[in-house]
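Engineer: This structure is in structure tokens; I'll ask about it shortly.
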Amino acid sequence: MLNVAKFNFMPDTASKLMVRPIAISRDVDNQNDAAITLENAAPIQFVEISKAATSHWDNAYEIINAESNYSFAEPEIDSSAMFYADEMLEDKGELPKDSYYQFLEDWTHPPLPGIWHLNMEFSQLRPARAAVKDSGKAKKIRIAHLDTGYHSAHISFPGKFIRKDLERNFVEGEEDRWPSAEDQLVDGLLKMPGHGTGTLSILAGAHVNIPELTFDDSIGLAHEIEIVPIRIAKSVVLFKTGAFVKAMGYILNELSQAESTQIHVITMSMGGLASGAWADVVNQAYEQGIFMVSAAGNNFKKLPTRTMVYPARFNRVVAACGVAYDRSPYAKPWGEGSRYIMEGNYGPQSLMGTAVAAFTPNVPWATYRFNDVIGIRGDGTSSATPQIAAAAALYYSLHHDKLLTLPEPWMRVEAIRNALFKSAEKIINHQNNRYEDDYTVYYGNGILQAMDMLKVPVSSPGQLTKQQIDTVRFPFFKLIFGLKTTEETLDPEEEMMETELMQLVLSDERLQVLLHNEEKRLDELSSAEKIKLADIILDTPRASTILKQQMRLFRNQQLENTL
């Protein structure tokens, strides 16, 4: 399905590129304005290279110029490491067991320890799942859980719902373990094991009795589901872009072949930098009618960025943002954060139309350190994501038959999203104007209300609008290269430069400051600010030679304009 080709340069440091062959790309067919695809062909190929280069992107530009049958290339990278502060990556050792039953004091929480987010006054997930069970109409829904895998010995592990025959491992270096998504739980700096165990506990955690929390119930979904665990990383930090592409290729090309294996919902509590290959597989999932939700990302004191990461930024993916217990944002007001306190990402405002919030932090989290402990210190947008996926699965289960009568598969996604967004609670606790008094800024469409969501009828075809094809674009950068703003397509090199630029914007705090967290367009920047933008790119070691060449031209142009 996903091919590995050879492109030999002078031997040096080994690396990989993800390339898009022209014949199976999302390049537009000018005859009918439809995406070109080939039946039973993978949309992305992996190319092994070895070459000394200024940056990995230089290799990508070179292969495009050398191979005429490629329409796009990008380096496979560790996509998310720069989003985590050193403080989070330190191995702090094992906490006392009792501490897991204590809330994080940096955020609002109930007066007594407990599992509160399921209740009617919050996410409504508990009454929603009961309603679906009691309806007598529930149909089995299959959920792909893309994460670091699971810990089968933990009390939260929902073994009866796991499709062991379908689980897979796409972590580089673990090829001999490809049929198993079990987390190896390797401790140490940058490892951060157990993340998938935590998110899986929120999605479909087993029935447990926790006297410390006065809780005796299922943590997550408990009926008419199947979970397909797919291990795509050892850690949320060591997350290669290619692993997500391979996992999606498995879902789209193999699991889609039979009704008994096809995926209805994808939940992914991970994310990273811009990727054109990610856009390709997200587009295909949407066209196949698969609902996808992904974490908006996290930051420490708004660094390196507080804006959403990919794939949550794509308009065909639902972005999971965070809302605290008292309905205030899961983000500290400007100037009040700390490098030791994790916050949730949100914005830019132009992308919040496909976002929704769920409750975090201080929600359940299965800790891998103790097999018998489900704590209440779950945080990050990682904890919000499986709640939204659970609500989507409940809606799909209850309204399954009507959803399948829709004439186009993508309409199922839009119908579920319509119910999710329409039912979301349109409220914010701005804490006496410590935050902006606008829920859309932080929560997009509002706060998850799963029971209310179930009550929204399935939309008719005429009420549904297809989302535009996802691409990785920073449109105002067309001006940098002197392109016509009316052009809908870019040549391969230009598209690659926009993707590279988007990666730099998301990972360089200087660019975030200059662009006002991406709320400011290039045509709103002064000439001095445009020169500063070019200087930042020129000062970045990760920037490619070709991008720096374009930035020098752009800088000189701005200098001439000031004379």
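Residues in the structure tokens are numbered from 1 in each chain, the chains being A, B, ... in the order shown, and ligands are numbered from 1 in the order shown.
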Quick one: pick out all alpha helix (DSSP H) residues within segment 195-334 of chain A from a backbone DSSP run and write them as a PyMOL selection string.
Structural biologist: chain A and resi 195-204+241-249+276-287
Engineer: Near segment 381-388 of chain A, within 7 Å and counting only C-alpha atoms, which residues show up once chain neighbours fewer than 2 positions away are dropped, as a list of chain:residue names?
Structural biologist: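 Those residues are A:Thr199, A:Ile202, A:Leu203, A:Thr267, A:Ser269, A:Met270, A:Val293, A:Ser294, A:Ala295, A:Ala296, A:Gly297, A:Asn298, A:Ala320, A:Cys321, A:Gly322, A:Gly344, A:Ala358, A:Phe359, A:Thr360, A:Gly378, A:Asp379, A:Ala390, A:Ala391, A:Ala392.
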Engineer: Taking into account only C-alpha atoms, which residue in the set A:Glu167, A:Asp470, A:Glu182, A:Glu76 is nearest to Phe239 of chain A?
Structural biologist: A:Glu76
Engineer: Determine, using only C-alpha atoms, which residues of segment 67-183 of chain A have any atom at most 7 Å from an atom of segment 366-372 of chain A, and tabulate each with its shortest atom pair and distance in Å to one decimal place, rows ordered by chain and then rising number, as CSV.
Structural biologist:
residue,atom,partner,partner_atom,distance
A:Ala153,CA,A:Asn371,CA,6.3
A:His154,CA,A:Asn371,CA,4.3
A:Ile155,CA,A:Asp372,CA,5.5
A:Ser156,CA,A:Ala366,CA,6.7
Engineer: Contacts of Leu547 of chain A at 9 Å or less, counting only C-alpha atoms, minus same-chain residues fewer than 6 places along, as an NGL selection string?
Structural biologist: :A and (497 or 500-501 or 537-538)
Engineer: Of the residues A:Pro457, A:Pro75, A:Pro541, A:Gly198, which is the one nearest to Ala277 of chain A, using only C-alpha atoms?
Structural biologist: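 Using only C-alpha atoms, the shortest distance to Ala277 of chain A belongs to A:Pro75.
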Engineer: Please provide as a ChimeraX atom specification all residues within 12 Å of Asp326 of chain A, with the sequence filter that same-chain residues fewer than 2 positions apart are discarded (counting only C-alpha atoms).
Structural biologist: /A:107-111,116-117,121-122,322-324,328-330,359-362,427-431,447
Engineer: Output N, CA and C atoms of each residue in that selection to a file, as a tab-separated table (two decimals), in the first residue's frame.
Structural biologist:
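Saved as selection39.tsv:
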chain	number	residue	atom	x	y	z
A	107	TRP	N	-5.49	24.46	38.21
A	107	TRP	CA	-6.73	24.61	37.45
A	107	TRP	C	-7.93	24.34	38.34
A	108	THR	N	-9.06	24.92	37.99
A	108	THR	CA	-10.27	24.74	38.79
A	108	THR	C	-10.72	23.28	38.78
A	109	HIS	N	-11.39	22.88	39.86
A	109	HIS	CA	-11.81	21.49	40.01
A	109	HIS	C	-12.90	21.41	41.07
A	110	PRO	N	-13.60	20.27	41.17
A	110	PRO	CA	-14.63	20.11	42.20
A	110	PRO	C	-14.02	20.16	43.60
A	111	PRO	N	-14.85	20.40	44.61
A	111	PRO	CA	-14.34	20.48	45.98
A	111	PRO	C	-13.81	19.15	46.50
A	116	TRP	N	-15.86	13.60	37.41
A	116	TRP	CA	-16.98	14.52	37.25
A	116	TRP	C	-17.35	14.80	35.79
A	117	HIS	N	-16.42	14.62	34.89
A	117	HIS	CA	-16.63	15.11	33.52
A	117	HIS	C	-17.74	14.37	32.78
A	121	GLU	N	-24.19	17.78	33.82
A	121	GLU	CA	-23.86	19.20	33.84
A	121	GLU	C	-22.51	19.50	33.18
A	122	PHE	N	-21.85	18.46	32.68
A	122	PHE	CA	-20.56	18.67	32.01
A	122	PHE	C	-20.62	18.08	30.59
A	322	GLY	N	-9.62	22.64	24.87
A	322	GLY	CA	-9.90	22.33	26.26
A	322	GLY	C	-10.71	23.39	26.98
A	323	VAL	N	-11.53	22.94	27.94
A	323	VAL	CA	-12.29	23.84	28.80
A	323	VAL	C	-12.20	23.30	30.22
A	324	ALA	N	-11.97	24.17	31.18
A	324	ALA	CA	-11.77	23.76	32.56
A	324	ALA	C	-13.11	23.52	33.27
A	328	SER	N	-14.09	27.97	32.23
A	328	SER	CA	-13.10	28.95	31.77
A	328	SER	C	-12.13	28.23	30.84
A	329	PRO	N	-11.40	28.96	30.00
A	329	PRO	CA	-10.51	28.31	29.03
A	329	PRO	C	-9.39	27.52	29.69
A	330	TYR	N	-9.01	26.44	29.03
A	330	TYR	CA	-7.84	25.70	29.45
A	330	TYR	C	-6.60	26.42	28.89
A	359	PHE	N	-13.86	18.77	28.33
A	359	PHE	CA	-13.32	19.11	29.65
A	359	PHE	C	-11.94	18.51	29.91
A	360	THR	N	-11.05	19.38	30.33
A	360	THR	CA	-9.70	19.07	30.74
A	360	THR	C	-9.14	20.36	31.34
A	361	PRO	N	-8.32	20.29	32.38
A	361	PRO	CA	-7.70	19.12	32.99
A	361	PRO	C	-8.53	18.58	34.17
A	362	ASN	N	-7.85	17.77	35.01
A	362	ASN	CA	-8.45	17.14	36.20
A	362	ASN	C	-9.54	16.14	35.84
A	427	ILE	N	-21.09	29.03	25.65
A	427	ILE	CA	-20.89	29.77	26.89
A	427	ILE	C	-19.41	29.81	27.22
A	428	ILE	N	-19.01	30.81	27.97
A	428	ILE	CA	-17.64	30.88	28.48
A	428	ILE	C	-17.65	31.59	29.83
A	429	ASN	N	-16.86	31.12	30.75
A	429	ASN	CA	-16.63	31.81	32.01
A	429	ASN	C	-15.37	32.65	31.81
A	430	HIS	N	-15.57	33.94	31.57
A	430	HIS	CA	-14.42	34.81	31.29
A	430	HIS	C	-13.77	35.35	32.55
A	431	GLN	N	-14.28	34.89	33.73
A	431	GLN	CA	-13.69	35.25	35.03
A	431	GLN	C	-13.48	36.76	35.15
A	447	ILE	N	-18.84	23.96	23.79
A	447	ILE	CA	-18.41	22.89	24.70
A	447	ILE	C	-19.25	21.64	24.46
Engineer: Identify which of the residues A:Tyr346, A:Trp365, A:Tyr61, A:Tyr439 lies closest to Ile219 of chain A, counting only C-alpha atoms when measuring atom-to-atom distances.
Structural biologist: A:Trp365
Engineer: Considering only C-alpha atoms, state which residue in the set A:Pro193, A:Gly375, A:Arg142, A:Gly276 is at the smallest distance from Glu259 of chain A.
Structural biologist: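 Answer, going by the shortest atom-to-atom distance: A:Arg142.
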Engineer: Could you check which of A:Lys426, A:Lys302, A:Lys160, A:Lys455 is closest to Arg339 of chain A, using only C-alpha atoms?
Structural biologist: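 Smallest distance to Arg339 of chain A is found for A:Lys302.
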Engineer: Between A:Ile143, A:Asp508, A:Pro127, A:Pro492, which one has atoms that come closest to Tyr70 of chain A, using only C-alpha atoms?
Structural biologist: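 Ranking A:Ile143, A:Asp508, A:Pro127, A:Pro492 by distance to Tyr70 of chain A, first place goes to A:Pro492.
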